[in-house]
Amino acid sequence: MPSTDPESQHLPGSLNLFDETRLRLADAETLQELRDDLLRVSFQRRDVRLDSGVQQPYFFDKYLMASRPSILRRLARFLAADVPAGTDRLAAPTLGAVAFGTAVSLETGLPLALVRTHWDGTRGSAAIEGGPHRGETVVLIEDVVVSGTRALHAVEQLRSAGATVVAVVAAIDCERGADAAMGGQGVDYVPLFRFSDFSSTRETR
Amino acid sequence: MTVADANRIDMFLSELAEIGRDDRSGWSRMAFSPAEREAHHLFVRWLEGYGLETRTDTVGNTIAVLPGRADLPALATGSHLDTVYHGGNYDGAVGVAAAVEIARLLAHDGGLQSPLHVIAFAGEEGARFGTPCIGSRLLTGAFSAEDLRVMVDRDGVTAYDAAAAVGLQPGEAAAARSGFEDVACFVEVHIEQGRVLEARERPIGVVHSIGGSTRVELVFDGRADHSGATPMWLRRDALVAASEFVLAVERRARMHATTVATVGRLDVDPDSLTTVPGRVVLGLDVRDIDSERQRDLAEALLDDAVRIAAGRDVKVSARRLSDQSPVALHGTVQSVLAGAASRLDLPFITMASGASHDAAHLAKHVPTGMVFVPCREGISHSPVEWADPQHIAQAVDLVVDAFRAIDAGASL
């Protein structure tokens, strides 16, 4: 049997090789690094009018998050941890959340459905793709939630297709009332970060 | 508008080359040495006549300010002037030479709305005290005077005493600290220190992330035996175990495009042709731009070490030498730099930096970008290190264009 050398245990930085975690960072530290990386990579300070009609002096560019594997993979790991046990399937609204949904699907192993945000009823396409089945328990994965309009539209579509939508798990909540809107529709709303988590940083000041 | 002059950049580097030459080879302008101070004085002399106000802080960072026409936060650029032992004259120096030229061009054209800060950081190389980016970390508040007291060079001199010996005030390190509230953006020009730009035949790299590193020392303890009298089945060869480990490092690192892992040091004891190696101490350096992959890979390698040691009845122990997370640089600054490169018709690629830089520490406080220029054959930390002044001049024009765009209102 190998044994760790007792003589070296007193050296600075000595690792116990039989510990479960020796070099991995604690989740709290990883989460803070992820927050800082998200801010640096995706935060844009300019006036934007969002799909929902809301005007904001800033926005988080979800595509800049999704295009970086070093960010998306960490996001997926934390989002996956917020998917409740007993979930049958994940769902993601097009277009922005598709990469997020796929990443969480890969992380959890749960199947994914894609919900068309602007479905025009074109022949050969469906409002929900990926073959969901009636009666499945579904969790919606969202990227950056402002008012929650798109998420709730997707929840409605999934429900009318016979799914039981129990939660919306999102990367960032902009604290523009999505909490109340989701509550009103009877879904648990679990954002990984809220805008106030970023408010101590100079970028958002 | 004035454009960068490659000859001036070359002249600055030639003058700098007279400082800190090492009798044995190359340059040894070590952190907190008289040679480093002399280089900072040269930097100040080069800025004379451009209307900048220059000061050196308590820990040796030299900061020059070109006033702006409006009351706005500053645009900042710079790098370092110290070297490794027997290093080259381009690592760091290129970014300072570029910063001097950026200041000259902007001053010549009447300055900007925003002030310009030109910075030569102290003590960037970890070669002397085992810790890199000392000046920039004191500046951002990541380090304090106490940290300087525990860093020791190979002669037993602390960074604190070394700084005091060259006339700095390490006890007043806190006075150097800045929240960077008055800086809107920092851009560092640096040689790539690798061969990617040469291979792609591009003069410019816009850096999107700065890699992190996890460094571990492993000791394999077997049994030193007579190489003739000990049959193979009786051996507990530490070097064979270590070799198996080195191959595991290569195999695992090859699995990801952004990961590099290296065993660059291997001490064999007793290091004798006719003795079965009894003990091996090796150094592992795992780098990635993905924070979790970096640690996951290092963890997997520790498991490999335990497995390999078990299979060979060899003992293994490990200790962490250092651990730094990667840093994603600001997307907004990257866009402005890429926009400037496109406007100037400079072919570029976006890339990760494998090496660490002052910019990684600045990025935690201020929107930060980095511009790489190729260096000949990718050689760095060597006396034959060289970068083409034309490429440096192109990087200067790029940063000037980007700063003008930010000055004109490009959002960060």
# chains A, B, ... in the order shown; residues from 1 in each chain; ligands from 1

call {"tool": "residues_around", "arguments": {"residues": "Ser144 (chain B)", "least_positions_apart": "3", "cutoff": "7 Å", "atoms": "only C-alpha atoms", "output": "number ranges by chain"}}
result
B: 138, 141, 147-148, 173-174

call {"tool": "write_last_selection", "arguments": {"atoms": "all heavy atoms", "output": "PDB file, in the first residue's frame"}}
result
ATOM      1  N   LEU B 138       0.551  45.176  -5.258  1.00  0.00           N
ATOM      2  CA  LEU B 138       0.583  46.179  -4.191  1.00  0.00           C
ATOM      3  C   LEU B 138      -0.307  47.354  -4.586  1.00  0.00           C
ATOM      4  O   LEU B 138      -1.026  47.916  -3.766  1.00  0.00           O
ATOM      5  CB  LEU B 138       2.022  46.651  -3.953  1.00  0.00           C
ATOM      6  CG  LEU B 138       2.925  45.632  -3.247  1.00  0.00           C
ATOM      7  CD1 LEU B 138       4.396  45.994  -3.454  1.00  0.00           C
ATOM      8  CD2 LEU B 138       2.610  45.557  -1.750  1.00  0.00           C
ATOM      9  N   GLY B 141      -3.872  46.471  -4.079  1.00  0.00           N
ATOM     10  CA  GLY B 141      -4.219  46.139  -2.697  1.00  0.00           C
ATOM     11  C   GLY B 141      -4.280  44.648  -2.431  1.00  0.00           C
ATOM     12  O   GLY B 141      -4.636  44.220  -1.339  1.00  0.00           O
ATOM     13  N   ASP B 147       3.335  41.053   3.074  1.00  0.00           N
ATOM     14  CA  ASP B 147       3.673  40.062   2.045  1.00  0.00           C
ATOM     15  C   ASP B 147       5.118  40.236   1.587  1.00  0.00           C
ATOM     16  O   ASP B 147       5.811  39.265   1.290  1.00  0.00           O
ATOM     17  CB  ASP B 147       2.728  40.191   0.845  1.00  0.00           C
ATOM     18  CG  ASP B 147       1.296  39.824   1.208  1.00  0.00           C
ATOM     19  OD1 ASP B 147       1.085  38.678   1.618  1.00  0.00           O
ATOM     20  OD2 ASP B 147       0.408  40.687   1.096  1.00  0.00           O
ATOM     21  N   LEU B 148       5.580  41.507   1.517  1.00  0.00           N
ATOM     22  CA  LEU B 148       6.960  41.763   1.084  1.00  0.00           C
ATOM     23  C   LEU B 148       7.965  41.191   2.074  1.00  0.00           C
ATOM     24  O   LEU B 148       9.064  40.803   1.709  1.00  0.00           O
ATOM     25  CB  LEU B 148       7.195  43.272   0.934  1.00  0.00           C
ATOM     26  CG  LEU B 148       6.415  43.968  -0.178  1.00  0.00           C
ATOM     27  CD1 LEU B 148       6.675  45.471  -0.139  1.00  0.00           C
ATOM     28  CD2 LEU B 148       6.802  43.402  -1.547  1.00  0.00           C
ATOM     29  N   ALA B 173       3.728  50.785   1.913  1.00  0.00           N
ATOM     30  CA  ALA B 173       3.119  50.143   0.736  1.00  0.00           C
ATOM     31  C   ALA B 173       1.652  50.518   0.577  1.00  0.00           C
ATOM     32  O   ALA B 173       1.151  50.659  -0.539  1.00  0.00           O
ATOM     33  CB  ALA B 173       3.270  48.623   0.828  1.00  0.00           C
ATOM     34  N   ALA B 174       0.974  50.696   1.703  1.00  0.00           N
ATOM     35  CA  ALA B 174      -0.461  51.012   1.633  1.00  0.00           C
ATOM     36  C   ALA B 174      -0.719  52.316   0.878  1.00  0.00           C
ATOM     37  O   ALA B 174      -1.775  52.492   0.264  1.00  0.00           O
ATOM     38  CB  ALA B 174      -1.050  51.080   3.030  1.00  0.00           C
TER      39      ALA B 174
END

call {"tool": "select_by_dssp", "arguments": {"residues": "region 203-371 of chain B", "states": "helix (DSSP H, G or I)", "output": "JSON, numbers by chain"}}
result
{"B": [232, 233, 234, 238, 239, 240, 241, 242, 243, 244, 245, 246, 247, 248, 249, 250, 251, 252, 253, 291, 292, 293, 294, 295, 296, 297, 298, 299, 300, 301, 302, 303, 304, 305, 306, 307, 308, 309, 310, 311, 331, 332, 333, 334, 335, 336, 337, 338, 339, 340, 341, 342, 343, 358, 359, 360, 361, 362]}

call {"tool": "interface_residues", "arguments": {"of": "chain B", "to": "chain A", "cutoff": "8 Å", "atoms": "only C-alpha atoms", "output": "JSON list (two decimals) with N, CA, C and O atoms, in the first residue's frame"}}
result
[["chain", "number", "residue", "atom", "x", "y", "z"],
["B", 289, "ILE", "N", -7.38, 28.18, -19.12],
["B", 289, "ILE", "CA", -8.18, 29.40, -19.00],
["B", 289, "ILE", "C", -9.53, 29.04, -18.38],
["B", 289, "ILE", "O", -10.38, 29.89, -18.20],
["B", 290, "ASP", "N", -9.71, 27.76, -18.07],
["B", 290, "ASP", "CA", -10.94, 27.30, -17.43],
["B", 290, "ASP", "C", -10.59, 26.92, -16.00],
["B", 290, "ASP", "O", -9.89, 25.94, -15.74],
["B", 291, "SER", "N", -11.11, 27.71, -15.08],
["B", 291, "SER", "CA", -10.76, 27.59, -13.66],
["B", 291, "SER", "C", -10.99, 26.18, -13.13],
["B", 291, "SER", "O", -10.15, 25.62, -12.42],
["B", 292, "GLU", "N", -12.14, 25.58, -13.46],
["B", 292, "GLU", "CA", -12.45, 24.27, -12.89],
["B", 292, "GLU", "C", -11.66, 23.17, -13.56],
["B", 292, "GLU", "O", -11.23, 22.22, -12.91],
["B", 295, "ARG", "N", -8.17, 22.84, -12.03],
["B", 295, "ARG", "CA", -8.10, 22.12, -10.75],
["B", 295, "ARG", "C", -8.52, 20.67, -10.92],
["B", 295, "ARG", "O", -7.95, 19.78, -10.27],
["B", 296, "ASP", "N", -9.52, 20.41, -11.78],
["B", 296, "ASP", "CA", -9.97, 19.03, -11.98],
["B", 296, "ASP", "C", -8.82, 18.18, -12.53],
["B", 296, "ASP", "O", -8.62, 17.03, -12.14],
["B", 298, "ALA", "N", -5.60, 18.77, -12.21],
["B", 298, "ALA", "CA", -4.59, 18.58, -11.17],
["B", 298, "ALA", "C", -5.05, 17.51, -10.17],
["B", 298, "ALA", "O", -4.24, 16.67, -9.74],
["B", 299, "GLU", "N", -6.34, 17.51, -9.84],
["B", 299, "GLU", "CA", -6.88, 16.49, -8.93],
["B", 299, "GLU", "C", -6.72, 15.09, -9.55],
["B", 299, "GLU", "O", -6.30, 14.14, -8.88],
["B", 302, "LEU", "N", -3.28, 13.88, -9.26],
["B", 302, "LEU", "CA", -2.92, 13.41, -7.91],
["B", 302, "LEU", "C", -3.42, 11.97, -7.72],
["B", 302, "LEU", "O", -2.72, 11.13, -7.15],
["B", 303, "ASP", "N", -4.64, 11.69, -8.25],
["B", 303, "ASP", "CA", -5.15, 10.32, -8.18],
["B", 303, "ASP", "C", -4.23, 9.38, -8.96],
["B", 303, "ASP", "O", -3.94, 8.27, -8.52],
["B", 306, "VAL", "N", -1.17, 8.57, -6.91],
["B", 306, "VAL", "CA", -1.44, 7.59, -5.85],
["B", 306, "VAL", "C", -1.53, 6.18, -6.45],
["B", 306, "VAL", "O", -0.97, 5.22, -5.93],
["B", 309, "ALA", "N", 1.95, 5.01, -7.70],
["B", 309, "ALA", "CA", 2.82, 4.69, -6.55],
["B", 309, "ALA", "C", 2.41, 3.36, -5.93],
["B", 309, "ALA", "O", 3.26, 2.53, -5.59],
["B", 310, "ALA", "N", 1.07, 3.15, -5.83],
["B", 310, "ALA", "CA", 0.58, 1.91, -5.22],
["B", 310, "ALA", "C", 1.05, 0.71, -6.03],
["B", 310, "ALA", "O", 1.48, -0.31, -5.48],
["B", 313, "ASP", "N", 4.78, 0.03, -5.29],
["B", 313, "ASP", "CA", 5.20, -0.01, -3.90],
["B", 313, "ASP", "C", 6.17, 1.13, -3.58],
["B", 313, "ASP", "O", 7.22, 0.94, -2.96],
["B", 314, "VAL", "N", 5.78, 2.29, -4.05],
["B", 314, "VAL", "CA", 6.57, 3.50, -3.84],
["B", 314, "VAL", "C", 5.69, 4.46, -3.04],
["B", 314, "VAL", "O", 4.48, 4.43, -3.17],
["B", 315, "LYS", "N", 6.30, 5.27, -2.18],
["B", 315, "LYS", "CA", 5.51, 6.26, -1.43],
["B", 315, "LYS", "C", 5.40, 7.53, -2.25],
["B", 315, "LYS", "O", 6.31, 7.87, -3.01],
["B", 316, "VAL", "N", 4.30, 8.24, -2.07],
["B", 316, "VAL", "CA", 4.17, 9.52, -2.76],
["B", 316, "VAL", "C", 3.63, 10.56, -1.80],
["B", 316, "VAL", "O", 2.79, 10.25, -0.94],
["B", 317, "SER", "N", 4.13, 11.77, -1.93],
["B", 317, "SER", "CA", 3.57, 12.89, -1.17],
["B", 317, "SER", "C", 3.52, 14.09, -2.10],
["B", 317, "SER", "O", 4.17, 14.10, -3.14],
["B", 318, "ALA", "N", 2.72, 15.06, -1.72],
["B", 318, "ALA", "CA", 2.56, 16.22, -2.60],
["B", 318, "ALA", "C", 2.34, 17.47, -1.77],
["B", 318, "ALA", "O", 1.82, 17.41, -0.67],
["B", 319, "ARG", "N", 2.77, 18.60, -2.31],
["B", 319, "ARG", "CA", 2.41, 19.86, -1.69],
["B", 319, "ARG", "C", 2.12, 20.91, -2.76],
["B", 319, "ARG", "O", 2.72, 20.89, -3.85],
["B", 320, "ARG", "N", 1.19, 21.78, -2.43],
["B", 320, "ARG", "CA", 0.82, 22.84, -3.37],
["B", 320, "ARG", "C", 1.84, 23.95, -3.28],
["B", 320, "ARG", "O", 2.15, 24.45, -2.21],
["B", 321, "LEU", "N", 2.39, 24.34, -4.43],
["B", 321, "LEU", "CA", 3.36, 25.43, -4.45],
["B", 321, "LEU", "C", 2.65, 26.75, -4.68],
["B", 321, "LEU", "O", 2.97, 27.77, -4.07],
["B", 327, "VAL", "N", -8.27, 34.45, -15.52],
["B", 327, "VAL", "CA", -9.09, 35.66, -15.50],
["B", 327, "VAL", "C", -9.58, 35.94, -16.91],
["B", 327, "VAL", "O", -8.78, 36.02, -17.85],
["B", 328, "ALA", "N", -10.90, 36.07, -17.08],
["B", 328, "ALA", "CA", -11.45, 36.49, -18.37],
["B", 328, "ALA", "C", -11.33, 38.02, -18.43],
["B", 328, "ALA", "O", -11.72, 38.70, -17.48],
["B", 329, "LEU", "N", -10.75, 38.53, -19.49],
["B", 329, "LEU", "CA", -10.63, 39.99, -19.62],
["B", 329, "LEU", "C", -11.97, 40.58, -20.09],
["B", 329, "LEU", "O", -12.85, 39.85, -20.54],
["B", 330, "HIS", "N", -12.09, 41.89, -19.99],
["B", 330, "HIS", "CA", -13.36, 42.55, -20.28],
["B", 330, "HIS", "C", -13.73, 42.46, -21.77],
["B", 330, "HIS", "O", -12.95, 42.88, -22.64],
["B", 331, "GLY", "N", -14.92, 41.93, -22.03],
["B", 331, "GLY", "CA", -15.41, 41.79, -23.40],
["B", 331, "GLY", "C", -15.51, 43.13, -24.11],
["B", 331, "GLY", "O", -15.24, 43.23, -25.31],
["B", 332, "THR", "N", -15.87, 44.17, -23.36],
["B", 332, "THR", "CA", -16.04, 45.48, -23.98],
["B", 332, "THR", "C", -14.70, 46.01, -24.49],
["B", 332, "THR", "O", -14.62, 46.55, -25.59],
["B", 364, "LYS", "N", -9.14, 42.84, -12.21],
["B", 364, "LYS", "CA", -10.06, 42.65, -11.09],
["B", 364, "LYS", "C", -10.60, 43.99, -10.60],
["B", 364, "LYS", "O", -11.48, 44.03, -9.74],
["B", 365, "HIS", "N", -10.06, 45.09, -11.12],
["B", 365, "HIS", "CA", -10.46, 46.41, -10.62],
["B", 365, "HIS", "C", -10.89, 47.37, -11.71],
["B", 365, "HIS", "O", -11.60, 48.34, -11.42],
["B", 366, "VAL", "N", -10.45, 47.14, -12.94],
["B", 366, "VAL", "CA", -10.71, 48.14, -13.98],
["B", 366, "VAL", "C", -10.87, 47.40, -15.31],
["B", 366, "VAL", "O", -10.19, 46.37, -15.52],
["B", 367, "PRO", "N", -11.77, 47.86, -16.19],
["B", 367, "PRO", "CA", -11.89, 47.21, -17.50],
["B", 367, "PRO", "C", -10.52, 47.12, -18.18],
["B", 367, "PRO", "O", -9.84, 48.13, -18.34],
["B", 411, "SER", "N", -18.53, 52.75, -25.37],
["B", 411, "SER", "CA", -18.83, 52.39, -23.98],
["B", 411, "SER", "C", -18.00, 51.21, -23.52],
["B", 411, "SER", "O", -17.66, 50.32, -24.30],
["B", 412, "LEU", "N", -17.66, 51.21, -22.24],
["B", 412, "LEU", "CA", -16.86, 50.14, -21.66],
["B", 412, "LEU", "C", -17.70, 49.38, -20.65],
["B", 412, "LEU", "O", -18.47, 49.95, -19.93]]

call {"tool": "residues_around", "arguments": {"residues": "Arg177 (chain B)", "least_positions_apart": "4", "cutoff": "10 Å", "atoms": "only C-alpha atoms", "output": "number ranges by chain"}}
result
B: 57-59, 136-144, 172-173

call {"tool": "select_by_dssp", "arguments": {"residues": "region 95-258 of chain B", "states": "strand (DSSP E or B)", "output": "PDB file with N, CA and C atoms, in the first residue's frame"}}
result
ATOM      1  N   LEU B 116      -4.306  60.482 -19.689  1.00  0.00           N
ATOM      2  CA  LEU B 116      -3.632  59.227 -20.033  1.00  0.00           C
ATOM      3  C   LEU B 116      -2.668  58.885 -18.904  1.00  0.00           C
ATOM      4  N   HIS B 117      -2.741  57.646 -18.407  1.00  0.00           N
ATOM      5  CA  HIS B 117      -1.770  57.177 -17.419  1.00  0.00           C
ATOM      6  C   HIS B 117      -0.825  56.185 -18.089  1.00  0.00           C
ATOM      7  N   VAL B 118       0.459  56.422 -17.916  1.00  0.00           N
ATOM      8  CA  VAL B 118       1.463  55.522 -18.477  1.00  0.00           C
ATOM      9  C   VAL B 118       2.214  54.916 -17.294  1.00  0.00           C
ATOM     10  N   ILE B 119       2.203  53.580 -17.208  1.00  0.00           N
ATOM     11  CA  ILE B 119       2.685  52.930 -15.989  1.00  0.00           C
ATOM     12  C   ILE B 119       3.814  51.933 -16.278  1.00  0.00           C
ATOM     13  N   ALA B 120       4.891  52.030 -15.490  1.00  0.00           N
ATOM     14  CA  ALA B 120       5.893  50.958 -15.461  1.00  0.00           C
ATOM     15  C   ALA B 120       5.741  50.287 -14.094  1.00  0.00           C
ATOM     16  N   PHE B 121       5.271  49.030 -14.105  1.00  0.00           N
ATOM     17  CA  PHE B 121       5.064  48.316 -12.847  1.00  0.00           C
ATOM     18  C   PHE B 121       6.397  47.810 -12.318  1.00  0.00           C
ATOM     19  N   VAL B 152      11.338  35.904  -0.163  1.00  0.00           N
ATOM     20  CA  VAL B 152      12.793  35.876   0.017  1.00  0.00           C
ATOM     21  C   VAL B 152      13.451  35.461  -1.295  1.00  0.00           C
ATOM     22  N   THR B 158      14.823  39.658   1.786  1.00  0.00           N
ATOM     23  CA  THR B 158      13.376  39.784   1.603  1.00  0.00           C
ATOM     24  C   THR B 158      13.088  40.883   0.568  1.00  0.00           C
ATOM     25  N   VAL B 183      -9.527  55.530 -13.130  1.00  0.00           N
ATOM     26  CA  VAL B 183      -9.089  54.916 -14.382  1.00  0.00           C
ATOM     27  C   VAL B 183     -10.278  54.207 -15.038  1.00  0.00           C
ATOM     28  N   ALA B 184     -10.510  54.492 -16.328  1.00  0.00           N
ATOM     29  CA  ALA B 184     -11.654  53.903 -17.033  1.00  0.00           C
ATOM     30  C   ALA B 184     -11.273  52.595 -17.708  1.00  0.00           C
ATOM     31  N   CYS B 185      -9.984  52.455 -18.035  1.00  0.00           N
ATOM     32  CA  CYS B 185      -9.592  51.323 -18.864  1.00  0.00           C
ATOM     33  C   CYS B 185      -8.084  51.150 -18.813  1.00  0.00           C
ATOM     34  N   PHE B 186      -7.608  49.907 -18.786  1.00  0.00           N
ATOM     35  CA  PHE B 186      -6.169  49.630 -18.840  1.00  0.00           C
ATOM     36  C   PHE B 186      -5.893  48.657 -19.986  1.00  0.00           C
ATOM     37  N   VAL B 187      -4.896  48.981 -20.788  1.00  0.00           N
ATOM     38  CA  VAL B 187      -4.493  48.084 -21.879  1.00  0.00           C
ATOM     39  C   VAL B 187      -2.993  47.841 -21.779  1.00  0.00           C
ATOM     40  N   GLU B 188      -2.584  46.583 -21.770  1.00  0.00           N
ATOM     41  CA  GLU B 188      -1.162  46.232 -21.717  1.00  0.00           C
ATOM     42  C   GLU B 188      -0.744  45.628 -23.057  1.00  0.00           C
ATOM     43  N   VAL B 189       0.339  46.165 -23.605  1.00  0.00           N
ATOM     44  CA  VAL B 189       0.950  45.569 -24.797  1.00  0.00           C
ATOM     45  C   VAL B 189       2.073  44.662 -24.306  1.00  0.00           C
ATOM     46  N   HIS B 190       2.198  43.479 -24.885  1.00  0.00           N
ATOM     47  CA  HIS B 190       3.210  42.535 -24.400  1.00  0.00           C
ATOM     48  C   HIS B 190       3.610  41.620 -25.545  1.00  0.00           C
ATOM     49  N   ILE B 191       4.813  41.074 -25.487  1.00  0.00           N
ATOM     50  CA  ILE B 191       5.165  40.033 -26.454  1.00  0.00           C
ATOM     51  C   ILE B 191       4.375  38.774 -26.102  1.00  0.00           C
ATOM     52  N   ILE B 204      -0.815  40.864 -34.687  1.00  0.00           N
ATOM     53  CA  ILE B 204      -1.525  41.301 -33.478  1.00  0.00           C
ATOM     54  C   ILE B 204      -2.352  40.162 -32.896  1.00  0.00           C
ATOM     55  N   GLY B 205      -2.309  40.027 -31.582  1.00  0.00           N
ATOM     56  CA  GLY B 205      -3.218  39.139 -30.862  1.00  0.00           C
ATOM     57  C   GLY B 205      -4.012  39.968 -29.866  1.00  0.00           C
ATOM     58  N   VAL B 206      -5.332  39.821 -29.888  1.00  0.00           N
ATOM     59  CA  VAL B 206      -6.163  40.482 -28.875  1.00  0.00           C
ATOM     60  C   VAL B 206      -6.511  39.408 -27.842  1.00  0.00           C
ATOM     61  N   VAL B 207      -6.117  39.642 -26.605  1.00  0.00           N
ATOM     62  CA  VAL B 207      -6.211  38.601 -25.579  1.00  0.00           C
ATOM     63  C   VAL B 207      -7.605  38.606 -24.948  1.00  0.00           C
ATOM     64  N   HIS B 208      -8.221  37.424 -24.871  1.00  0.00           N
ATOM     65  CA  HIS B 208      -9.548  37.347 -24.236  1.00  0.00           C
ATOM     66  C   HIS B 208      -9.477  36.825 -22.803  1.00  0.00           C
ATOM     67  N   SER B 209      -8.480  36.028 -22.476  1.00  0.00           N
ATOM     68  CA  SER B 209      -8.369  35.489 -21.120  1.00  0.00           C
ATOM     69  C   SER B 209      -6.901  35.323 -20.765  1.00  0.00           C
ATOM     70  N   ILE B 210      -6.617  35.401 -19.494  1.00  0.00           N
ATOM     71  CA  ILE B 210      -5.258  35.123 -19.016  1.00  0.00           C
ATOM     72  C   ILE B 210      -5.323  33.840 -18.196  1.00  0.00           C
ATOM     73  N   GLY B 212      -4.716  30.612 -15.773  1.00  0.00           N
ATOM     74  CA  GLY B 212      -4.327  30.413 -14.382  1.00  0.00           C
ATOM     75  C   GLY B 212      -3.351  29.252 -14.293  1.00  0.00           C
ATOM     76  N   SER B 213      -2.831  29.007 -13.106  1.00  0.00           N
ATOM     77  CA  SER B 213      -1.921  27.874 -12.957  1.00  0.00           C
ATOM     78  C   SER B 213      -2.052  27.265 -11.570  1.00  0.00           C
ATOM     79  N   THR B 214      -1.945  25.949 -11.521  1.00  0.00           N
ATOM     80  CA  THR B 214      -1.867  25.216 -10.262  1.00  0.00           C
ATOM     81  C   THR B 214      -0.543  24.472 -10.269  1.00  0.00           C
ATOM     82  N   ARG B 215       0.297  24.756  -9.292  1.00  0.00           N
ATOM     83  CA  ARG B 215       1.638  24.137  -9.264  1.00  0.00           C
ATOM     84  C   ARG B 215       1.787  23.270  -8.032  1.00  0.00           C
ATOM     85  N   VAL B 216       2.251  22.053  -8.272  1.00  0.00           N
ATOM     86  CA  VAL B 216       2.350  21.064  -7.196  1.00  0.00           C
ATOM     87  C   VAL B 216       3.721  20.409  -7.260  1.00  0.00           C
ATOM     88  N   GLU B 217       4.305  20.191  -6.090  1.00  0.00           N
ATOM     89  CA  GLU B 217       5.540  19.407  -6.026  1.00  0.00           C
ATOM     90  C   GLU B 217       5.180  18.009  -5.551  1.00  0.00           C
ATOM     91  N   LEU B 218       5.640  16.995  -6.283  1.00  0.00           N
ATOM     92  CA  LEU B 218       5.399  15.611  -5.869  1.00  0.00           C
ATOM     93  C   LEU B 218       6.720  14.939  -5.553  1.00  0.00           C
ATOM     94  N   VAL B 219       6.699  14.114  -4.524  1.00  0.00           N
ATOM     95  CA  VAL B 219       7.891  13.351  -4.156  1.00  0.00           C
ATOM     96  C   VAL B 219       7.554  11.862  -4.240  1.00  0.00           C
ATOM     97  N   PHE B 220       8.276  11.145  -5.078  1.00  0.00           N
ATOM     98  CA  PHE B 220       8.146   9.692  -5.135  1.00  0.00           C
ATOM     99  C   PHE B 220       9.325   9.094  -4.363  1.00  0.00           C
ATOM    100  N   ASP B 221       9.011   8.317  -3.334  1.00  0.00           N
ATOM    101  CA  ASP B 221      10.054   7.718  -2.510  1.00  0.00           C
ATOM    102  C   ASP B 221      10.060   6.211  -2.700  1.00  0.00           C
ATOM    103  N   ASP B 225      19.026   1.195  -4.717  1.00  0.00           N
ATOM    104  CA  ASP B 225      19.688  -0.115  -4.645  1.00  0.00           C
ATOM    105  C   ASP B 225      20.766  -0.211  -5.713  1.00  0.00           C
ATOM    106  N   HIS B 226      21.651  -1.168  -5.551  1.00  0.00           N
ATOM    107  CA  HIS B 226      22.698  -1.410  -6.533  1.00  0.00           C
ATOM    108  C   HIS B 226      22.058  -1.830  -7.859  1.00  0.00           C
TER     109      HIS B 226
END

call {"tool": "residues_around", "arguments": {"residues": "Val3 (chain B)", "least_positions_apart": "2", "cutoff": "8 Å", "atoms": "only C-alpha atoms", "output": "NGL selection string"}}
result
:B and (1 or 5 or 105 or 397)

call {"tool": "closest_residue", "arguments": {"among": "A:Gly177, A:Gly86, A:Gly186, A:Gly131", "to": "Ala161 (chain A)", "atoms": "only C-alpha atoms"}}
result
A:Gly131

call {"tool": "closest_residue", "arguments": {"among": "A:Thr94, A:Ser67, A:Ser196, A:Gln157", "to": "Ile141 (chain A)", "atoms": "only C-alpha atoms"}}
result
A:Thr94

call {"tool": "residues_around", "arguments": {"residues": "Ala103 (chain A)", "least_positions_apart": "6", "cutoff": "12 Å", "atoms": "only C-alpha atoms", "output": "list of chain:residue names"}}
result
A:Met65, A:Ala66, A:Ser67, A:Arg68, A:Pro69, A:Ser70, A:Ile71, A:Leu72, A:Arg73, A:Arg74, A:Leu75, A:Ala76, A:Arg77, A:Phe78, A:Leu79, A:Ala80, A:Leu90, A:Ala91, A:Ala92, A:Ala97, A:Gly109, A:Leu110, A:Pro111, A:Leu112, A:Ile141, A:Glu142, A:Asp143

call {"tool": "residues_around", "arguments": {"residues": "Gly130 (chain B)", "least_positions_apart": "2", "cutoff": "10 Å", "atoms": "only C-alpha atoms", "output": "number ranges by chain"}}
result
B: 125-128, 132, 151-154, 322

call {"tool": "closest_residue", "arguments": {"among": "B:Ala360, B:Asp267, B:Gly354, B:Ala103", "to": "Glu124 (chain B)", "atoms": "only C-alpha atoms"}}
result
B:Ala360
